[in-house]
Amino acid sequence: MFKFAPYLLKTLWRHRTRTLLTVSGSAVALFVFCFVLTVQQGLEQLTKQDDSVLVVFQANKFCPATSHLPQDYDRIIGEMQGVRDVVPIQVFTNNCRASLDVVVFYGTLADKIRQVRDFTLVGGSWSAFEGHQDAAIVGQTLASRRGIQVGDKFSVGDVTVAVAGIFTSENRAEEDYVYCHLDFLQRTRGLDLVGTVTQQEVWLDESADPEQVAAAIDAKLKSGQIETDTRTKGAFQASSLADLIHLIDLSHYLGWACLFLMAVLLGTTTIMTVEDRIGEHAVLQTLGFSTLRVFRLVMSETVLLSVIGGCVGIAMAALVLSQAGISVGAEAVTIAFEPSWNMVVTAAVTSVVIGLIAGIAPAAHAARADIVTALRFSG
Amino acid sequence: MSLIHVDRVSKQFRKGSETITPLSEAELQIDRGEFVSLMGASGTGKSTLLNLIAGIDKPTGGRIVVDGTDITQLSRTKLAAWRARNIGYIFQTHNLIPVLTAYENIELPLLLLPMNRSERQRRVEIAMTAVDLVDRANHYPRQLSGGQEQRVGIARAIVTDPTVVVADEPTGDLDTETSSQILDLLQRLNTELGTTLLMVTHDSDAAAIAGRQLRLDHGQLVEQGERVSVAVHPEAS
Ligand SMILES: Nc1ncnc2c1ncn2[C@@H]1O[C@H](COP(=O)(O)OP(=O)(O)OP(=O)(O)O)[C@@H](O)[C@H]1O
Ligand SMILES: [Mg+2]
């Protein structure tokens with residue numbers, strides 16, 4: 001087939017305006033498709049993870065600003081069966097609603113962070129963080145989005161922290177958060193939050209059944225000061241993001257629509273070139289090109305257009321997603337949009353499939369044309 | 001046995017209720033190395049006959065046997081492979097592929113045969129020398145004159161060394177001067193390389209250069225004048 005590559009490429013080059021337009025259209029379609037894919041994957045990562053981690057929240061509260069649990073619940077929960085560790089967390093966010101620029105502060109015990117998070121400092125030091133009350137470590141995505149550097153003071157609302165480090169994490173969503181000292185966050189806003197936290201994060205033994213332990217925690221604290229609602233971290237994050245999840249589910253259709261448009265565009269372009277070259281294809285068949293060979297030539301043309309467009313779209317999406325550090329969040333939970341190899345491979349395969357689908361009808365049209373009749377169109 | 005045997009071949013076209021029968025039980029035999037011209041009034045079915053022999057059309061009835069193969073029995077795919085090996089087709093409007101250079105146009109039919117690059121190059125060079133176009137190898141069709149384009153078309157038809165070369169009004173689009181050059185070329189192909197040629201033409205002077213002249217009349221082939229024997233070079237075919 002490569003013997004015919006010059007013919008294929010020269011044909012595309014001859015109609016370069018048409019080729020360029022089709023490639024651009026396909027690129028845009030696949031760019032959007034990649035975005036949708038990334039959003040879906042980001043959401044999936046967030047809601048499917050951490051089955052062995054529970055989040056204890058105040059019952060019937062949804063916004064972190066309104067959930068208040070006694071801090072010493074950590075001791076009660078910590079003594080329960082199946083529980084390995086409990087981390088009290090005070091959450092402060094600039095925006096409870098869905099937003100593209102959520103800043104979330106997690107105030108917790110400094111020594112626990114390194115136990116329960118996989119953070120790697122890319123700037124600053126742990127000792128600088130641990131040694132200062134108002135120190136904080138900032139996720140890299142947020143840092144680059146807001147232009148934050150080690151040594152800066154960083155304020156949101158009444159909270160002002162000194163940046164002692166910038167961290168990266170396997171879990172990209174974490175890179176959107178600021179971690180600071182629990183008692184610092186409890187005191188800062190002039191509210192009397194000392195002794196209360198927003199939530200307790202519960203780490204389970206490997207053998208423990210998350211559902212069972214969650215039910216046991218809620219049952220045990222039912223008679224306590226504040227009633228609780230305990231869920232796995234994935235389920236908790238899914239419910240925090242419930243409104244966004246609906247939107248993201250809808251974006252499925254956007255992805256499909258883009259692929260459909262791309263197929264239509266490719267199909268239209270190819271059918272046009274086939275109509276233009278009906279005589280040329282008849283000449284090729286007269287020379288001895290078989291029906292199948294003409295079919296494959298037209299198919300290759302469509303797939304080539306589709307793949308070139310696809311590669312441009314994927315490259316653009318990967319660049320934008322990795323550079324812009326876009327994330328969307330609600331109720332102090334954010335979804336990170338991060339390009340992945342999974343996205344690249346899925347989108348590349350998709351572009352081939354779309355090219356194949358779009359090429360079938362035009363290729364069959366070209367291959368099945370009656371040679372003698374078609375020759376009348378040539379010359 | 002003759003190289004081409006058109007055996008009681010009929011061809012009908014249906015246009016609504018009307019039936020056109022350009023060929024009705026036509027009979028024709030062509031020997032290896034012959035140069036046959038075919039004349040006839042417009043619409044009598046000359047191109048139809050040529051296309052049947054070239055295997056790009058199927059008859060309504062009868063058989064066409066070329067070099068021992070009954071091509072009317074071949075499937076579309078087999079017929080394509082057969083054309084690649086056995087037929088050189090010279091069009092009236094040359095029908096070169098506009099995006100390919102003269103060289104690439106001539107090479108195109110060779111790509112269908114099992115052949116390496118150097119063998120292809122050798123054959124293309126021979127064909128280009130035969131039509132005297134070596135210096136135009138890298139020109140695109142739009143950069144060539146009508147006569148040069150037709151010469152590329154001829155080179156493309158002979159490059160595979162086919163069993164038969166058919167030409168449908170090869171000089172129909174050319175001026176007198178260029179026409180006679182092309183006709184000279186065809187005649188040389190026949191006498192020097194022993195190529196079997198079947199040429200449709202409207203021009204009786206052109207027809208006269210062929211060793212044997214036929215006329216298509218009412219669906220039947222009629223010999224014109226004496227059948228002249230031409231030199232055959234079996235070793236060259
Ligand atoms: N596909 C077709 N459908 C219907 N009729 C056809 C078709 N092809 C050819 N014909 C008819 O068959 C007859 C013979 O056509 P053909 O093209 O073979 O004539 P010709 O002798 O080559 O004419 P010309 O000298 O003008 O090229 C004509 O009457 C033509 O109208
Ligand atoms: Mg004709």
# chains A, B, ... in the order shown; residues from 1 in each chain; ligands from 1

call {"tool": "residues_near_ligand", "arguments": {"ligand": "ligand 1", "cutoff": "12 Å", "atoms": "only C-alpha atoms and all ligand atoms", "output": "ChimeraX atom specification"}}
result
/A:370-376 /B:10-24,38-52,57-59,91-92,167-170,172,199-203,215-220

call {"tool": "residues_around", "arguments": {"residues": "Pro362 of chain A", "least_positions_apart": "4", "cutoff": "9 Å", "atoms": "only C-alpha atoms", "output": "list in words"}}
result
Gly267, Thr268, Thr270, Ile271, Met272, Thr273, Val274, Glu275, Phe295, Val298, Met299, Ala358, Ala366 and Ala367 of chain A

call {"tool": "residues_around", "arguments": {"residues": "Gly147 of chain B", "least_positions_apart": "3", "cutoff": "10 Å", "atoms": "only C-alpha atoms", "output": "number ranges by chain"}}
result
B: 94, 144, 150-153, 171, 173-175, 177-179, 181-182

call {"tool": "interface_residues", "arguments": {"of": "chain A", "to": "chain B", "cutoff": "9 Å", "atoms": "only C-alpha atoms", "output": "list of chain:residue names"}}
result
A:Lys3, A:Phe4, A:Pro6, A:Tyr7, A:Lys10, A:Thr11, A:Trp13, A:Arg14, A:Gly279, A:Glu280, A:Val283, A:Leu284, A:Gln285, A:Thr286, A:Leu287, A:Gly288, A:Phe289, A:Ser290, A:Thr291, A:Leu292, A:Asp370, A:Ile371, A:Val372, A:Ser378, A:Gly379

call {"tool": "write_last_selection", "arguments": {"atoms": "N, CA and C atoms", "output": "compact mmCIF listing (two decimals), in the first residue's frame"}}
result
# COMPACT_ATOMS: atom_id res chain seq x y z
N LYS A 3 3.33 1.91 -1.64
CA LYS A 3 3.71 2.29 -2.99
C LYS A 3 2.82 3.42 -3.50
N PHE A 4 1.61 3.47 -2.96
CA PHE A 4 0.66 4.47 -3.44
C PHE A 4 0.64 5.72 -2.57
N PRO A 6 2.73 8.28 -2.40
CA PRO A 6 2.92 9.56 -3.09
C PRO A 6 1.63 10.05 -3.77
N TYR A 7 0.92 9.10 -4.37
CA TYR A 7 -0.35 9.46 -5.03
C TYR A 7 -1.34 10.01 -4.00
N LYS A 10 -0.08 13.46 -2.63
CA LYS A 10 -0.17 14.50 -3.64
C LYS A 10 -1.63 14.87 -3.90
N THR A 11 -2.50 13.88 -3.82
CA THR A 11 -3.92 14.17 -4.00
C THR A 11 -4.42 15.10 -2.90
N TRP A 13 -2.59 17.08 -1.13
CA TRP A 13 -1.91 18.36 -1.26
C TRP A 13 -2.54 19.20 -2.37
N ARG A 14 -3.00 18.53 -3.42
CA ARG A 14 -3.59 19.25 -4.54
C ARG A 14 -4.82 20.04 -4.08
N GLY A 279 -13.85 9.99 -12.62
CA GLY A 279 -13.18 9.61 -13.86
C GLY A 279 -11.78 9.07 -13.58
N GLU A 280 -11.09 9.75 -12.66
CA GLU A 280 -9.73 9.32 -12.32
C GLU A 280 -9.72 7.90 -11.76
N VAL A 283 -10.12 5.52 -14.51
CA VAL A 283 -8.85 5.33 -15.22
C VAL A 283 -7.98 4.33 -14.45
N LEU A 284 -7.91 4.51 -13.13
CA LEU A 284 -7.11 3.58 -12.31
C LEU A 284 -7.63 2.16 -12.48
N GLN A 285 -8.95 2.00 -12.48
CA GLN A 285 -9.50 0.65 -12.64
C GLN A 285 -9.19 0.10 -14.03
N THR A 286 -9.21 0.97 -15.03
CA THR A 286 -8.85 0.52 -16.38
C THR A 286 -7.41 0.02 -16.40
N LEU A 287 -6.54 0.69 -15.67
CA LEU A 287 -5.14 0.28 -15.61
C LEU A 287 -4.96 -1.04 -14.87
N GLY A 288 -6.00 -1.46 -14.16
CA GLY A 288 -5.91 -2.73 -13.46
C GLY A 288 -6.07 -2.65 -11.95
N PHE A 289 -6.36 -1.46 -11.42
CA PHE A 289 -6.65 -1.35 -9.99
C PHE A 289 -7.95 -2.10 -9.72
N SER A 290 -7.93 -2.94 -8.70
CA SER A 290 -9.14 -3.68 -8.38
C SER A 290 -10.10 -2.78 -7.59
N THR A 291 -11.35 -3.25 -7.51
CA THR A 291 -12.37 -2.56 -6.73
C THR A 291 -11.86 -2.35 -5.30
N LEU A 292 -11.26 -3.40 -4.75
CA LEU A 292 -10.80 -3.34 -3.37
C LEU A 292 -9.68 -2.31 -3.20
N ASP A 370 -19.40 2.12 -12.17
CA ASP A 370 -19.21 1.40 -13.43
C ASP A 370 -18.10 2.10 -14.22
N ILE A 371 -17.09 1.33 -14.63
CA ILE A 371 -15.89 1.93 -15.22
C ILE A 371 -16.22 2.70 -16.50
N VAL A 372 -16.97 2.07 -17.40
CA VAL A 372 -17.23 2.71 -18.69
C VAL A 372 -18.04 3.99 -18.52
N SER A 378 -14.34 11.69 -17.36
CA SER A 378 -12.94 12.09 -17.27
C SER A 378 -12.51 12.86 -18.51
N GLY A 379 -11.30 13.35 -18.44
CA GLY A 379 -10.73 14.02 -19.60
C GLY A 379 -11.02 15.49 -19.66

call {"tool": "select_by_dssp", "arguments": {"residues": "segment 96-333 of chain A", "states": "helix (DSSP H, G or I)", "output": "PyMOL selection string"}}
result
chain A and resi 110-116+126-131+140-146+172-176+182-188+210-221+233-240+242-276+278-287+291-324

call {"tool": "select_by_dssp", "arguments": {"residues": "segment 7-79 of chain B", "states": "strand (DSSP E or B)", "output": "PyMOL selection string"}}
result
chain B and resi 7-15+18-30+35-39+61-66+69-70

call {"tool": "atom_distance", "arguments": {"atom1": "atom CA of Thr232 of chain A", "atom2": "atom CA of Ala336 of chain A"}}
result
19.6 Å

call {"tool": "closest_residue", "arguments": {"among": "B:Ser145, B:Ser180, B:Gln121, B:Asn190", "to": "Thr160 of chain B", "atoms": "only C-alpha atoms"}}
result
B:Gln121

call {"tool": "residues_around", "arguments": {"residues": "segment 234-238 of chain A", "least_positions_apart": "6", "cutoff": "10 Å", "atoms": "only C-alpha atoms", "output": "list of chain:residue names"}}
result
A:Leu43, A:Glu44, A:Gln45, A:Leu46, A:Thr47, A:Lys48, A:Gln49, A:Asp50, A:Asp51, A:Ser52, A:Val53, A:Leu54, A:Val55, A:Val56, A:Phe57, A:Phe62, A:Leu244, A:Ile245, A:Ala330, A:Glu331, A:Ala332, A:Val333, A:Thr334, A:Ile335

call {"tool": "atom_distance", "arguments": {"atom1": "atom CA of Phe129 of chain A", "atom2": "atom CA of Asp101 of chain A"}}
result
24.5 Å

call {"tool": "residues_around", "arguments": {"residues": "segment 349-354 of chain A", "least_positions_apart": "3", "cutoff": "9 Å", "atoms": "only C-alpha atoms", "output": "short mmCIF file (atom, residue, chain, number, x, y, z; two decimals) with N, CA, C and O atoms, in the first residue's frame"}}
result
data_model
loop_
_atom_site.label_atom_id
_atom_site.label_comp_id
_atom_site.auth_asym_id
_atom_site.auth_seq_id
_atom_site.Cartn_x
_atom_site.Cartn_y
_atom_site.Cartn_z
N SER A 26 -11.54 18.55 12.05
CA SER A 26 -11.33 17.30 12.80
C SER A 26 -10.52 17.58 14.06
O SER A 26 -10.77 17.00 15.12
N LEU A 30 -11.72 16.78 17.81
CA LEU A 30 -11.00 15.87 18.70
C LEU A 30 -10.44 16.58 19.93
O LEU A 30 -10.30 15.97 20.99
N LEU A 259 -17.72 13.83 17.74
CA LEU A 259 -17.28 12.72 16.89
C LEU A 259 -18.21 12.58 15.68
O LEU A 259 -17.76 12.34 14.56
N PHE A 260 -19.49 12.76 15.93
CA PHE A 260 -20.46 12.66 14.84
C PHE A 260 -20.18 13.74 13.79
O PHE A 260 -20.12 13.47 12.59
N MET A 262 -17.41 15.27 13.27
CA MET A 262 -16.14 14.97 12.61
C MET A 262 -16.36 13.95 11.50
O MET A 262 -15.84 14.10 10.39
N ALA A 263 -17.14 12.91 11.80
CA ALA A 263 -17.42 11.88 10.78
C ALA A 263 -18.15 12.50 9.60
O ALA A 263 -17.83 12.21 8.44
N LEU A 266 -15.65 14.66 7.57
CA LEU A 266 -14.74 13.81 6.79
C LEU A 266 -15.47 13.14 5.64
O LEU A 266 -14.98 13.07 4.52
N VAL A 303 -8.86 8.16 6.37
CA VAL A 303 -8.23 7.87 7.65
C VAL A 303 -7.04 8.80 7.88
O VAL A 303 -6.82 9.30 8.99
N LEU A 304 -6.31 9.08 6.80
CA LEU A 304 -5.16 9.97 6.92
C LEU A 304 -5.61 11.37 7.38
O LEU A 304 -5.04 11.95 8.31
N SER A 306 -8.30 12.10 8.94
CA SER A 306 -8.83 11.97 10.29
C SER A 306 -7.71 11.90 11.32
O SER A 306 -7.76 12.54 12.37
N VAL A 307 -6.67 11.13 10.98
CA VAL A 307 -5.58 10.94 11.94
C VAL A 307 -4.74 12.22 12.06
O VAL A 307 -4.35 12.61 13.17
N ILE A 308 -4.51 12.89 10.93
CA ILE A 308 -3.75 14.15 11.02
C ILE A 308 -4.52 15.14 11.88
O ILE A 308 -3.98 15.73 12.82
N GLY A 309 -5.81 15.30 11.58
CA GLY A 309 -6.66 16.18 12.38
C GLY A 309 -6.66 15.75 13.83
O GLY A 309 -6.52 16.56 14.75
N GLY A 310 -6.78 14.44 14.03
CA GLY A 310 -6.81 13.90 15.38
C GLY A 310 -5.54 14.22 16.15
O GLY A 310 -5.60 14.68 17.29
N CYS A 311 -4.40 14.01 15.50
CA CYS A 311 -3.13 14.26 16.19
C CYS A 311 -3.00 15.73 16.58
O CYS A 311 -2.57 16.05 17.69
N VAL A 344 -4.73 10.08 25.35
CA VAL A 344 -4.06 10.15 24.05
C VAL A 344 -4.37 8.91 23.21
O VAL A 344 -4.76 9.01 22.04
N VAL A 345 -4.25 7.75 23.85
CA VAL A 345 -4.47 6.50 23.11
C VAL A 345 -5.95 6.38 22.70
O VAL A 345 -6.26 6.09 21.54
N THR A 346 -6.84 6.65 23.65
CA THR A 346 -8.27 6.56 23.33
C THR A 346 -8.62 7.48 22.17
O THR A 346 -9.31 7.09 21.23
N ILE A 357 -15.06 4.87 9.59
CA ILE A 357 -16.52 4.96 9.43
C ILE A 357 -16.87 5.98 8.35
O ILE A 357 -17.69 5.72 7.47
N ALA A 358 -16.20 7.14 8.42
CA ALA A 358 -16.53 8.21 7.47
C ALA A 358 -16.16 7.82 6.04
O ALA A 358 -16.77 8.30 5.08
N GLY A 359 -15.15 6.95 5.90
CA GLY A 359 -14.66 6.61 4.57
C GLY A 359 -15.48 5.55 3.86
O GLY A 359 -15.42 5.45 2.63
#
